[in-house]
Amino acid sequence: MHASSISRRAVLAGTAAAAAAVSLPSAEGQAHAAVTPARSGYRWRNAVQGGTGFITGVLFHPSVRGLAYARTDIGGAYRWDDRADRWVPLTDHIGWDDWNLLGVEAMAVDPAHPDRLYLALGTYTQSWAGTGAVLRSQDRGATWQRTDLDVKLGANEDGRGCGERLLVDPRDSDTLWLGTRHDGLLKSTDRGARWQPVPFPAVPRPTGQGITFLVAAGRAVYAGWGDSGGTSAHLYRTTAGTTWEAVPGQPGGTAAKVPVRAAYDRHTRELYVTYADAPGPNGQSDGSVHKLRTTNGKWTEVTPVRPGGTTNDGGTDSFGYGGVAVDARRPGTVVVSTNNRWSLVDTLYRTTDGGRTWTSLKDRAVLDVSETPYLTWGADRPKFGWWIQAVALDPFDSRHVLYGTGATLYGTRDLRHWAPRIRGLEEASVRQLISPPAGEAHLISGSGDIGVMYHERLTASPSRGMASNPVFGTATGLSLAAAEPSYVVRAGWGDHGNGAFSNDGGRTWAPFAAQPDVARSAPGPIATNADGSVLLWSFGSGNPGYRSADNGAGWSEVASFPRGAAPVADPVDPARFYAFDTTTGTLFASTDGGRTFTARATGLNAGDTEFQLALTPGRSGHLWLSLKGNGLYRSTDGGARFTEVSSCRAAYTLGFGKAAAGASHPALFMVGTVGTVGTVGTGTAVYRSDDEAKTWTRINDDRHQWGWTGAAITGDPRVYGRVYLATNGRGVQYGEPV
């Protein structure tokens, strides 16, 4: 967007509605007889995995010992509780309709007012995503006020590991600056309540990075610029807060194409800037580190190691530079990180002499990941990390360093021994959930990036780490044989095969002896029948389903299976499978062990690709069809006929748990909206029904919403009332009645 267009954009002027404090639990839905509002009746916690996502920023408060904040690309923001030795989530109140605000683009603290905290929220800038918002707090994130913006922010896009784009002006605590990707520079003079665009010398591009960071250096403010088109300058500054100018003499070339982060040494009055040839976290192959003496404008290159060397296998040691932090207590002491260094593995470099000499902290590092064993990734020992763009140095302890990776946050107190500092911070994007009816584990989960986990305890990261043999990146399918719960199968993107089975309830695994050719490029949902004798595997739109009757040793195409559908097994009858064809709105069923499928009910919301098919445990042919915004339907005759469940306006995901005392039907758990289709209904929330969906009780509250939660939900078949909920960026949440 051109500068002339920016000046005409109407940034929301902090109306009473926009700036109102976030409301805490309300009696939402009391006017609807079908729902009982939650009255703090559930306690919600994370099933511990241990991070599992990209930590994009870490910020120590410069004036308060032990106070720090972290941001993530899709999982919100956190405050460090020094007494409890854990992170406290600050944005779980963000609800279904505001899912795009769970990504944190930037955060800012006020050095002069330690209780003030600001967050810039917005996950995507694409046309289908909503606009961003700024949250402001006067109690370190315990409560918030919100101002909606008229621009989009991109916390889960390229450049998300760059520096903080939000800054409290060093001259005036009431003034804040917000750098955007595509809409230039915004300014607030009332502590974030109202925002207006201000002139900035560089012109943003629709697909560019725009401003990559804002940092204070004394009374001046510096801004990094990540777009190459139309300007050769990548660093700008303002000294009075009215006009901006390009910093003279700044470095150029490929190795200094994008300024990633910057940090100011107040003792030496030098600004350290890390550069790369791309914003990262992927795609960087060159980079450098430079410092600017702000008193005389002199630039000095202080790059620890220049990319381009030769690796042990004869390849090229390509990487960029990412994080940078200065020691507030020791002049000239700086820590920087490499990024995207896959061959020789990323590291932190530390200097104590202003960049004349550097030491790689990885070379002597001792990593202890016993608290989060998955960080070995199926190998003998963990790696130092990757996607290292967030680095922080405690202003009260020169040997206390934190750095974020694509999966965790490591910390040290002695510059040698490192361990995850991740308690309380959970960021998994969860796709599948199973709660076995027997055995050691009450939960098996499947997630993006970290595959499948066997949770023998809910309060500790799984001791076996990620399911291995094979190790998966993203899990695409997870299924348990209802009558033989020791048999479990999984599908996903694996390191040697995309499917596996377990004969001990998910403790250990073995890859299928064979897999269809299409599985190599499109692993999809998988299902085992009730006794584990037959597998059905689907491979996405346009691809046929495949069947195996020998535990994955051989596979045959099922011509009559609806292409791209997700297979679901009957929990009682091993001969029965079901699949829903979203193109035609038809329920297909098999009564011969998945060899053939025939159409049953038709006309069920044809053309809507959003649905979920679930079956009542212990009952053959009892199906529930969640058609998202088009309601919930039920069949008790194997899918021949469906009837609408009148108590539901929308049903996004449905699961079952142990029946209430005296009830004959399992408890139902749902993420959805209660009320009839076409009515206003209640808001999207988590509900439980103990009477086969006649009435519902809301079991979450306005403080516990976690953005989008439509992937999976299941109750615990052994513990009444316990429910497991998949989130997109806040891991597995589990709730229990109190």
# chains A, B, ... in the order shown; residues from 1 in each chain; ligands from 1
call {"tool": "residues_around", "arguments": {"residues": "Ala467 of chain A", "least_positions_apart": "3", "cutoff": "12 Å", "atoms": "only C-alpha atoms", "output": "JSON list (two decimals) with all heavy atoms, in the first residue's frame"}}
result
[["chain", "number", "residue", "atom", "x", "y", "z"],
["A", 373, "PRO", "N", 11.17, -34.83, 27.36],
["A", 373, "PRO", "CA", 11.99, -35.80, 26.60],
["A", 373, "PRO", "C", 11.78, -35.78, 25.09],
["A", 373, "PRO", "O", 12.63, -36.25, 24.35],
["A", 373, "PRO", "CB", 11.55, -37.15, 27.19],
["A", 373, "PRO", "CG", 11.02, -36.82, 28.55],
["A", 373, "PRO", "CD", 10.37, -35.49, 28.41],
["A", 374, "TYR", "N", 10.66, -35.24, 24.62],
["A", 374, "TYR", "CA", 10.43, -35.25, 23.17],
["A", 374, "TYR", "C", 11.49, -34.45, 22.41],
["A", 374, "TYR", "O", 11.66, -34.64, 21.19],
["A", 374, "TYR", "CB", 9.04, -34.69, 22.86],
["A", 374, "TYR", "CG", 8.94, -33.18, 22.91],
["A", 374, "TYR", "CD1", 9.19, -32.41, 21.79],
["A", 374, "TYR", "CD2", 8.59, -32.53, 24.09],
["A", 374, "TYR", "CE1", 9.11, -31.03, 21.84],
["A", 374, "TYR", "CE2", 8.49, -31.16, 24.16],
["A", 374, "TYR", "CZ", 8.76, -30.41, 23.04],
["A", 374, "TYR", "OH", 8.68, -29.04, 23.09],
["A", 375, "LEU", "N", 12.24, -33.59, 23.12],
["A", 375, "LEU", "CA", 13.21, -32.74, 22.45],
["A", 375, "LEU", "C", 14.41, -33.50, 21.90],
["A", 375, "LEU", "O", 15.26, -32.91, 21.23],
["A", 375, "LEU", "CB", 13.68, -31.64, 23.40],
["A", 375, "LEU", "CG", 12.66, -30.52, 23.65],
["A", 375, "LEU", "CD1", 13.13, -29.60, 24.75],
["A", 375, "LEU", "CD2", 12.39, -29.73, 22.37],
["A", 376, "THR", "N", 14.49, -34.80, 22.15],
["A", 376, "THR", "CA", 15.52, -35.59, 21.46],
["A", 376, "THR", "C", 15.11, -35.91, 20.04],
["A", 376, "THR", "O", 15.93, -36.33, 19.23],
["A", 376, "THR", "CB", 15.79, -36.90, 22.21],
["A", 376, "THR", "OG1", 14.59, -37.69, 22.23],
["A", 376, "THR", "CG2", 16.27, -36.64, 23.63],
["A", 377, "TRP", "N", 13.80, -35.78, 19.73],
["A", 377, "TRP", "CA", 13.29, -36.05, 18.39],
["A", 377, "TRP", "C", 13.65, -37.46, 17.91],
["A", 377, "TRP", "O", 13.98, -37.68, 16.75],
["A", 377, "TRP", "CB", 13.77, -35.01, 17.37],
["A", 377, "TRP", "CG", 13.46, -33.61, 17.82],
["A", 377, "TRP", "CD1", 14.32, -32.73, 18.38],
["A", 377, "TRP", "CD2", 12.18, -32.95, 17.78],
["A", 377, "TRP", "NE1", 13.68, -31.56, 18.68],
["A", 377, "TRP", "CE2", 12.38, -31.65, 18.33],
["A", 377, "TRP", "CE3", 10.92, -33.30, 17.34],
["A", 377, "TRP", "CZ2", 11.34, -30.73, 18.45],
["A", 377, "TRP", "CZ3", 9.89, -32.38, 17.46],
["A", 377, "TRP", "CH2", 10.10, -31.12, 18.00],
["A", 378, "GLY", "N", 13.62, -38.40, 18.84],
["A", 378, "GLY", "CA", 13.90, -39.78, 18.50],
["A", 378, "GLY", "C", 15.37, -40.12, 18.37],
["A", 378, "GLY", "O", 15.72, -41.25, 18.06],
["A", 379, "ALA", "N", 16.26, -39.16, 18.63],
["A", 379, "ALA", "CA", 17.71, -39.39, 18.53],
["A", 379, "ALA", "C", 18.29, -39.66, 19.92],
["A", 379, "ALA", "O", 17.58, -39.68, 20.93],
["A", 379, "ALA", "CB", 18.38, -38.18, 17.89],
["A", 444, "ILE", "N", -4.04, -40.12, 24.55],
["A", 444, "ILE", "CA", -3.09, -40.16, 23.44],
["A", 444, "ILE", "C", -3.45, -38.99, 22.53],
["A", 444, "ILE", "O", -4.63, -38.83, 22.17],
["A", 444, "ILE", "CB", -3.14, -41.48, 22.67],
["A", 444, "ILE", "CG1", -2.95, -42.67, 23.62],
["A", 444, "ILE", "CG2", -2.08, -41.52, 21.59],
["A", 444, "ILE", "CD1", -3.17, -44.02, 22.95],
["A", 445, "SER", "N", -2.47, -38.19, 22.16],
["A", 445, "SER", "CA", -2.75, -37.01, 21.34],
["A", 445, "SER", "C", -1.96, -37.05, 20.05],
["A", 445, "SER", "O", -0.86, -37.60, 19.98],
["A", 445, "SER", "CB", -2.40, -35.74, 22.12],
["A", 445, "SER", "OG", -1.00, -35.65, 22.37],
["A", 446, "GLY", "N", -2.52, -36.43, 19.01],
["A", 446, "GLY", "CA", -1.83, -36.22, 17.75],
["A", 446, "GLY", "C", -1.83, -34.74, 17.43],
["A", 446, "GLY", "O", -2.87, -34.08, 17.52],
["A", 447, "SER", "N", -0.67, -34.21, 17.05],
["A", 447, "SER", "CA", -0.53, -32.77, 16.86],
["A", 447, "SER", "C", 0.23, -32.44, 15.59],
["A", 447, "SER", "O", 0.86, -33.31, 14.98],
["A", 447, "SER", "CB", 0.22, -32.15, 18.06],
["A", 447, "SER", "OG", -0.45, -32.36, 19.26],
["A", 450, "ILE", "N", 4.70, -32.21, 16.05],
["A", 450, "ILE", "CA", 5.29, -33.07, 17.07],
["A", 450, "ILE", "C", 4.65, -34.45, 17.12],
["A", 450, "ILE", "O", 4.89, -35.21, 18.06],
["A", 450, "ILE", "CB", 5.22, -32.43, 18.46],
["A", 450, "ILE", "CG1", 3.76, -32.13, 18.85],
["A", 450, "ILE", "CG2", 6.07, -31.17, 18.53],
["A", 450, "ILE", "CD1", 3.58, -31.82, 20.30],
["A", 451, "GLY", "N", 3.87, -34.81, 16.12],
["A", 451, "GLY", "CA", 3.37, -36.17, 15.99],
["A", 451, "GLY", "C", 2.45, -36.59, 17.11],
["A", 451, "GLY", "O", 1.59, -35.85, 17.58],
["A", 452, "VAL", "N", 2.65, -37.83, 17.57],
["A", 452, "VAL", "CA", 1.76, -38.47, 18.55],
["A", 452, "VAL", "C", 2.47, -38.59, 19.88],
["A", 452, "VAL", "O", 3.67, -38.90, 19.94],
["A", 452, "VAL", "CB", 1.31, -39.85, 18.04],
["A", 452, "VAL", "CG1", 0.60, -40.65, 19.13],
["A", 452, "VAL", "CG2", 0.39, -39.69, 16.82],
["A", 453, "MET", "N", 1.73, -38.35, 20.96],
["A", 453, "MET", "CA", 2.27, -38.50, 22.31],
["A", 453, "MET", "C", 1.37, -39.40, 23.15],
["A", 453, "MET", "O", 0.14, -39.32, 23.07],
["A", 453, "MET", "CB", 2.41, -37.14, 23.00],
["A", 453, "MET", "CG", 3.56, -36.30, 22.49],
["A", 453, "MET", "SD", 3.79, -34.79, 23.48],
["A", 453, "MET", "CE", 5.35, -34.19, 22.82],
["A", 454, "TYR", "N", 2.02, -40.22, 23.96],
["A", 454, "TYR", "CA", 1.36, -41.14, 24.89],
["A", 454, "TYR", "C", 1.49, -40.53, 26.28],
["A", 454, "TYR", "O", 2.58, -40.48, 26.85],
["A", 454, "TYR", "CB", 2.04, -42.51, 24.81],
["A", 454, "TYR", "CG", 1.56, -43.55, 25.78],
["A", 454, "TYR", "CD1", 0.48, -44.37, 25.46],
["A", 454, "TYR", "CD2", 2.20, -43.75, 27.00],
["A", 454, "TYR", "CE1", 0.06, -45.37, 26.34],
["A", 454, "TYR", "CE2", 1.78, -44.74, 27.88],
["A", 454, "TYR", "CZ", 0.71, -45.54, 27.54],
["A", 454, "TYR", "OH", 0.30, -46.52, 28.42],
["A", 455, "HIS", "N", 0.38, -40.04, 26.82],
["A", 455, "HIS", "CA", 0.40, -39.28, 28.07],
["A", 455, "HIS", "C", 0.14, -40.21, 29.25],
["A", 455, "HIS", "O", -1.01, -40.40, 29.67],
["A", 455, "HIS", "CB", -0.66, -38.18, 28.05],
["A", 455, "HIS", "CG", -0.51, -37.21, 26.93],
["A", 455, "HIS", "ND1", 0.02, -35.95, 27.09],
["A", 455, "HIS", "CD2", -0.83, -37.30, 25.60],
["A", 455, "HIS", "CE1", 0.03, -35.31, 25.94],
["A", 455, "HIS", "NE2", -0.48, -36.10, 25.01],
["A", 462, "PRO", "N", 5.23, -36.33, 28.38],
["A", 462, "PRO", "CA", 5.34, -37.79, 28.24],
["A", 462, "PRO", "C", 6.79, -38.28, 28.31],
["A", 462, "PRO", "O", 7.67, -37.76, 27.62],
["A", 462, "PRO", "CB", 4.73, -38.04, 26.86],
["A", 462, "PRO", "CG", 3.70, -36.96, 26.72],
["A", 462, "PRO", "CD", 4.34, -35.76, 27.36],
["A", 463, "SER", "N", 7.00, -39.29, 29.14],
["A", 463, "SER", "CA", 8.37, -39.78, 29.37],
["A", 463, "SER", "C", 8.97, -40.42, 28.13],
["A", 463, "SER", "O", 10.19, -40.49, 27.99],
["A", 463, "SER", "CB", 8.37, -40.78, 30.53],
["A", 463, "SER", "OG", 7.59, -41.93, 30.20],
["A", 464, "ARG", "N", 8.11, -40.91, 27.22],
["A", 464, "ARG", "CA", 8.61, -41.51, 25.99],
["A", 464, "ARG", "C", 8.80, -40.48, 24.88],
["A", 464, "ARG", "O", 9.19, -40.83, 23.77],
["A", 464, "ARG", "CB", 7.64, -42.61, 25.52],
["A", 464, "ARG", "CG", 7.57, -43.79, 26.47],
["A", 464, "ARG", "CD", 6.43, -44.73, 26.10],
["A", 464, "ARG", "NE", 6.41, -45.89, 26.96],
["A", 464, "ARG", "CZ", 5.86, -45.92, 28.17],
["A", 464, "ARG", "NH1", 5.30, -44.82, 28.66],
["A", 464, "ARG", "NH2", 5.88, -47.02, 28.90],
["A", 470, "PRO", "N", 7.87, -44.99, 13.29],
["A", 470, "PRO", "CA", 8.66, -43.82, 12.90],
["A", 470, "PRO", "C", 8.32, -42.59, 13.73],
["A", 470, "PRO", "O", 7.28, -42.51, 14.38],
["A", 470, "PRO", "CB", 8.25, -43.60, 11.45],
["A", 470, "PRO", "CG", 6.82, -44.03, 11.43],
["A", 470, "PRO", "CD", 6.72, -45.20, 12.38],
["A", 471, "VAL", "N", 9.24, -41.59, 13.68],
["A", 471, "VAL", "CA", 8.96, -40.27, 14.24],
["A", 471, "VAL", "C", 8.14, -39.49, 13.22],
["A", 471, "VAL", "O", 8.48, -39.45, 12.04],
["A", 471, "VAL", "CB", 10.27, -39.52, 14.56],
["A", 471, "VAL", "CG1", 9.99, -38.08, 14.93],
["A", 471, "VAL", "CG2", 11.01, -40.23, 15.68],
["A", 472, "PHE", "N", 7.06, -38.88, 13.67],
["A", 472, "PHE", "CA", 6.24, -38.05, 12.80],
["A", 472, "PHE", "C", 6.55, -36.58, 13.01],
["A", 472, "PHE", "O", 6.93, -36.16, 14.11],
["A", 472, "PHE", "CB", 4.75, -38.25, 13.10],
["A", 472, "PHE", "CG", 4.14, -39.50, 12.54],
["A", 472, "PHE", "CD1", 2.83, -39.84, 12.84],
["A", 472, "PHE", "CD2", 4.87, -40.36, 11.72],
["A", 472, "PHE", "CE1", 2.25, -40.98, 12.33],
["A", 472, "PHE", "CE2", 4.30, -41.51, 11.21],
["A", 472, "PHE", "CZ", 2.98, -41.83, 11.52],
["A", 473, "GLY", "N", 6.34, -35.80, 11.95],
["A", 473, "GLY", "CA", 6.19, -34.38, 12.10],
["A", 473, "GLY", "C", 4.75, -34.12, 12.51],
["A", 473, "GLY", "O", 4.39, -34.13, 13.68],
["A", 474, "THR", "N", 3.89, -33.95, 11.52],
["A", 474, "THR", "CA", 2.47, -33.71, 11.79],
["A", 474, "THR", "C", 1.70, -35.01, 11.71],
["A", 474, "THR", "O", 1.85, -35.78, 10.76],
["A", 474, "THR", "CB", 1.90, -32.69, 10.80],
["A", 474, "THR", "OG1", 2.51, -31.42, 11.05],
["A", 474, "THR", "CG2", 0.40, -32.57, 10.94],
["A", 475, "ALA", "N", 0.86, -35.27, 12.72],
["A", 475, "ALA", "CA", -0.01, -36.44, 12.73],
["A", 475, "ALA", "C", -1.28, -36.12, 11.94],
["A", 475, "ALA", "O", -1.87, -35.05, 12.10],
["A", 475, "ALA", "CB", -0.37, -36.83, 14.15],
["A", 478, "LEU", "N", -5.34, -40.96, 13.89],
["A", 478, "LEU", "CA", -5.11, -41.69, 15.14],
["A", 478, "LEU", "C", -6.37, -42.47, 15.45],
["A", 478, "LEU", "O", -7.47, -41.90, 15.46],
["A", 478, "LEU", "CB", -4.78, -40.71, 16.26],
["A", 478, "LEU", "CG", -4.39, -41.26, 17.63],
["A", 478, "LEU", "CD1", -3.10, -42.08, 17.54],
["A", 478, "LEU", "CD2", -4.20, -40.10, 18.61],
["A", 488, "VAL", "N", -3.55, -49.74, 18.55],
["A", 488, "VAL", "CA", -3.71, -48.35, 18.13],
["A", 488, "VAL", "C", -2.94, -48.16, 16.83],
["A", 488, "VAL", "O", -1.86, -48.75, 16.64],
["A", 488, "VAL", "CB", -3.18, -47.37, 19.19],
["A", 488, "VAL", "CG1", -3.55, -45.93, 18.84],
["A", 488, "VAL", "CG2", -3.70, -47.73, 20.58],
["A", 489, "VAL", "N", -3.46, -47.35, 15.94],
["A", 489, "VAL", "CA", -2.75, -47.02, 14.70],
["A", 489, "VAL", "C", -2.68, -45.50, 14.56],
["A", 489, "VAL", "O", -3.50, -44.76, 15.10],
["A", 489, "VAL", "CB", -3.43, -47.63, 13.45],
["A", 489, "VAL", "CG1", -3.34, -49.14, 13.48],
["A", 489, "VAL", "CG2", -4.89, -47.18, 13.34],
["A", 490, "ARG", "N", -1.67, -45.07, 13.83],
["A", 490, "ARG", "CA", -1.49, -43.64, 13.58],
["A", 490, "ARG", "C", -0.98, -43.42, 12.17],
["A", 490, "ARG", "O", -0.36, -44.31, 11.57],
["A", 490, "ARG", "CB", -0.53, -43.02, 14.59],
["A", 490, "ARG", "CG", 0.88, -43.62, 14.62],
["A", 490, "ARG", "CD", 1.72, -43.00, 15.74],
["A", 490, "ARG", "NE", 3.00, -43.67, 15.94],
["A", 490, "ARG", "CZ", 4.16, -43.24, 15.48],
["A", 490, "ARG", "NH1", 4.21, -42.12, 14.76],
["A", 490, "ARG", "NH2", 5.28, -43.91, 15.71],
["A", 491, "ALA", "N", -1.23, -42.23, 11.65],
["A", 491, "ALA", "CA", -0.74, -41.83, 10.33],
["A", 491, "ALA", "C", -0.21, -40.41, 10.42],
["A", 491, "ALA", "O", -0.63, -39.63, 11.29],
["A", 491, "ALA", "CB", -1.85, -41.93, 9.29],
["A", 492, "GLY", "N", 0.70, -40.08, 9.52],
["A", 492, "GLY", "CA", 1.26, -38.74, 9.52],
["A", 492, "GLY", "C", 2.50, -38.68, 8.65],
["A", 492, "GLY", "O", 2.83, -39.62, 7.92],
["A", 494, "GLY", "N", 6.10, -39.07, 8.35],
["A", 494, "GLY", "CA", 7.11, -39.76, 9.12],
["A", 494, "GLY", "C", 8.50, -39.73, 8.51],
["A", 494, "GLY", "O", 8.68, -39.42, 7.34],
["A", 495, "ASP", "N", 9.49, -40.10, 9.34],
["A", 495, "ASP", "CA", 10.87, -40.12, 8.86],
["A", 495, "ASP", "C", 11.20, -41.42, 8.13],
["A", 495, "ASP", "O", 12.15, -41.46, 7.34],
["A", 495, "ASP", "CB", 11.85, -39.89, 10.01],
["A", 495, "ASP", "CG", 11.73, -40.92, 11.12],
["A", 495, "ASP", "OD1", 10.78, -41.73, 11.08],
["A", 495, "ASP", "OD2", 12.58, -40.91, 12.04],
["A", 499, "GLY", "N", 2.86, -44.50, 8.38],
["A", 499, "GLY", "CA", 1.85, -45.19, 9.18],
["A", 499, "GLY", "C", 2.51, -46.14, 10.14],
["A", 499, "GLY", "O", 3.61, -46.67, 9.89],
["A", 500, "ALA", "N", 1.86, -46.38, 11.31],
["A", 500, "ALA", "CA", 2.44, -47.25, 12.32],
["A", 500, "ALA", "C", 1.34, -47.85, 13.18],
["A", 500, "ALA", "O", 0.22, -47.34, 13.23],
["A", 500, "ALA", "CB", 3.43, -46.48, 13.18],
["A", 501, "PHE", "N", 1.69, -48.93, 13.88],
["A", 501, "PHE", "CA", 0.73, -49.59, 14.78],
["A", 501, "PHE", "C", 1.39, -49.86, 16.12],
["A", 501, "PHE", "O", 2.62, -49.92, 16.24],
["A", 501, "PHE", "CB", 0.23, -50.90, 14.17],
["A", 501, "PHE", "CG", 1.28, -51.98, 14.07],
["A", 501, "PHE", "CD1", 1.45, -52.92, 15.09],
["A", 501, "PHE", "CD2", 2.12, -52.05, 12.97],
["A", 501, "PHE", "CE1", 2.43, -53.90, 15.01],
["A", 501, "PHE", "CE2", 3.10, -53.03, 12.87],
["A", 501, "PHE", "CZ", 3.26, -53.96, 13.90],
["A", 502, "SER", "N", 0.55, -50.01, 17.13],
["A", 502, "SER", "CA", 1.01, -50.34, 18.48],
["A", 502, "SER", "C", 0.15, -51.46, 19.03],
["A", 502, "SER", "O", -1.08, -51.45, 18.86],
["A", 502, "SER", "CB", 0.92, -49.12, 19.40],
["A", 502, "SER", "OG", 1.17, -49.48, 20.75],
["A", 505, "GLY", "N", -1.12, -50.33, 23.46],
["A", 505, "GLY", "CA", -1.89, -49.14, 23.81],
["A", 505, "GLY", "C", -1.23, -47.84, 23.47],
["A", 505, "GLY", "O", -1.67, -46.79, 23.94],
["A", 506, "GLY", "N", -0.19, -47.85, 22.66],
["A", 506, "GLY", "CA", 0.48, -46.62, 22.25],
["A", 506, "GLY", "C", 1.80, -46.37, 22.93],
["A", 506, "GLY", "O", 2.43, -45.33, 22.70],
["A", 507, "ARG", "N", 2.27, -47.30, 23.76],
["A", 507, "ARG", "CA", 3.58, -47.12, 24.40],
["A", 507, "ARG", "C", 4.70, -47.22, 23.37],
["A", 507, "ARG", "O", 5.59, -46.38, 23.32],
["A", 507, "ARG", "CB", 3.80, -48.18, 25.48],
["A", 507, "ARG", "CG", 2.92, -48.07, 26.72],
["A", 507, "ARG", "CD", 3.31, -49.16, 27.72],
["A", 507, "ARG", "NE", 2.45, -49.18, 28.89],
["A", 507, "ARG", "CZ", 1.32, -49.86, 28.98],
["A", 507, "ARG", "NH1", 0.91, -50.59, 27.95],
["A", 507, "ARG", "NH2", 0.60, -49.82, 30.08],
["A", 508, "THR", "N", 4.67, -48.27, 22.58],
["A", 508, "THR", "CA", 5.70, -48.49, 21.57],
["A", 508, "THR", "C", 5.04, -48.72, 20.22],
["A", 508, "THR", "O", 3.86, -49.12, 20.15],
["A", 508, "THR", "CB", 6.58, -49.70, 21.93],
["A", 508, "THR", "OG1", 5.77, -50.88, 21.99],
["A", 508, "THR", "CG2", 7.26, -49.48, 23.28],
["A", 509, "TRP", "N", 5.83, -48.51, 19.17],
["A", 509, "TRP", "CA", 5.26, -48.53, 17.82],
["A", 509, "TRP", "C", 6.17, -49.28, 16.86],
["A", 509, "TRP", "O", 7.38, -49.41, 17.09],
["A", 509, "TRP", "CB", 5.06, -47.11, 17.32],
["A", 509, "TRP", "CG", 4.10, -46.31, 18.14],
["A", 509, "TRP", "CD1", 4.39, -45.61, 19.28],
["A", 509, "TRP", "CD2", 2.71, -46.14, 17.90],
["A", 509, "TRP", "NE1", 3.26, -45.01, 19.76],
["A", 509, "TRP", "CE2", 2.20, -45.31, 18.94],
["A", 509, "TRP", "CE3", 1.83, -46.60, 16.91],
["A", 509, "TRP", "CZ2", 0.87, -44.94, 19.00],
["A", 509, "TRP", "CZ3", 0.49, -46.22, 16.98],
["A", 509, "TRP", "CH2", 0.03, -45.40, 18.02],
["A", 510, "ALA", "N", 5.56, -49.69, 15.76],
["A", 510, "ALA", "CA", 6.30, -50.26, 14.63],
["A", 510, "ALA", "C", 5.66, -49.76, 13.35],
["A", 510, "ALA", "O", 4.43, -49.63, 13.27],
["A", 510, "ALA", "CB", 6.28, -51.79, 14.68],
["A", 511, "PRO", "N", 6.45, -49.47, 12.33],
["A", 511, "PRO", "CA", 5.88, -48.99, 11.07],
["A", 511, "PRO", "C", 5.15, -50.12, 10.35],
["A", 511, "PRO", "O", 5.49, -51.30, 10.50],
["A", 511, "PRO", "CB", 7.09, -48.51, 10.28],
["A", 511, "PRO", "CG", 8.22, -49.32, 10.82],
["A", 511, "PRO", "CD", 7.93, -49.55, 12.27]]
call {"tool": "residues_around", "arguments": {"residues": "Gly122 of chain A", "least_positions_apart": "6", "cutoff": "12 Å", "atoms": "only C-alpha atoms", "output": "count of residues only"}}
result
37
call {"tool": "closest_residue", "arguments": {"among": "A:Ser689, A:Gln250, A:Thr243, A:Ser63", "to": "Pro395 of chain A", "atoms": "only C-alpha atoms"}}
result
A:Ser63
call {"tool": "closest_residue", "arguments": {"among": "A:Val289, A:Ala441, A:Val215, A:Ala712", "to": "Glu301 of chain A", "atoms": "only C-alpha atoms"}}
result
A:Val289
call {"tool": "select_by_dssp", "arguments": {"residues": "segment 340-495 of chain A", "states": "strand (DSSP E or B)", "output": "PyMOL selection string"}}
result
chain A and resi 348-351+359-360+366-367+391-393+401-404+409-412+417-420+426+429-434+443-447+451-455+466+472-481+484-494
call {"tool": "residues_around", "arguments": {"residues": "Phe642 of chain A", "least_positions_apart": "6", "cutoff": "9 Å", "atoms": "only C-alpha atoms", "output": "number ranges by chain"}}
result
A: 601, 604, 623-625, 633-636
call {"tool": "residues_around", "arguments": {"residues": "Gly593 of chain A", "least_positions_apart": "4", "cutoff": "7 Å", "atoms": "only C-alpha atoms", "output": "PyMOL selection string"}}
result
chain A and resi 534+574-577
call {"tool": "write_last_selection", "arguments": {"atoms": "N, CA, C and O atoms", "output": "PDB file, in the first residue's frame"}}
result
ATOM      1  N   VAL A 534      -8.948 -54.951  10.621  1.00  0.00           N
ATOM      2  CA  VAL A 534      -9.014 -54.259   9.333  1.00  0.00           C
ATOM      3  C   VAL A 534      -8.650 -52.787   9.539  1.00  0.00           C
ATOM      4  O   VAL A 534      -9.077 -52.155  10.512  1.00  0.00           O
ATOM      5  N   PRO A 574     -17.233 -55.315  14.094  1.00  0.00           N
ATOM      6  CA  PRO A 574     -16.001 -55.194  13.302  1.00  0.00           C
ATOM      7  C   PRO A 574     -16.236 -55.103  11.797  1.00  0.00           C
ATOM      8  O   PRO A 574     -15.333 -54.696  11.061  1.00  0.00           O
ATOM      9  N   ALA A 575     -17.425 -55.476  11.335  1.00  0.00           N
ATOM     10  CA  ALA A 575     -17.705 -55.462   9.900  1.00  0.00           C
ATOM     11  C   ALA A 575     -18.136 -54.088   9.403  1.00  0.00           C
ATOM     12  O   ALA A 575     -18.232 -53.882   8.192  1.00  0.00           O
ATOM     13  N   ARG A 576     -18.385 -53.160  10.288  1.00  0.00           N
ATOM     14  CA  ARG A 576     -18.982 -51.883   9.890  1.00  0.00           C
ATOM     15  C   ARG A 576     -17.980 -50.724   9.919  1.00  0.00           C
ATOM     16  O   ARG A 576     -17.258 -50.535  10.899  1.00  0.00           O
ATOM     17  N   PHE A 577     -17.977 -49.980   8.828  1.00  0.00           N
ATOM     18  CA  PHE A 577     -17.285 -48.700   8.731  1.00  0.00           C
ATOM     19  C   PHE A 577     -18.261 -47.669   8.162  1.00  0.00           C
ATOM     20  O   PHE A 577     -19.244 -48.022   7.496  1.00  0.00           O
TER      21      PHE A 577
END
call {"tool": "residues_around", "arguments": {"residues": "Thr91 of chain A", "least_positions_apart": "2", "cutoff": "12 Å", "atoms": "only C-alpha atoms", "output": "VMD selection string"}}
result
chain A and resid 22 70 to 72 74 to 79 88 to 89 93 to 95 98 to 99 101 to 104 118 to 121 135 to 137 140 to 146 425 702 to 707 729 to 730
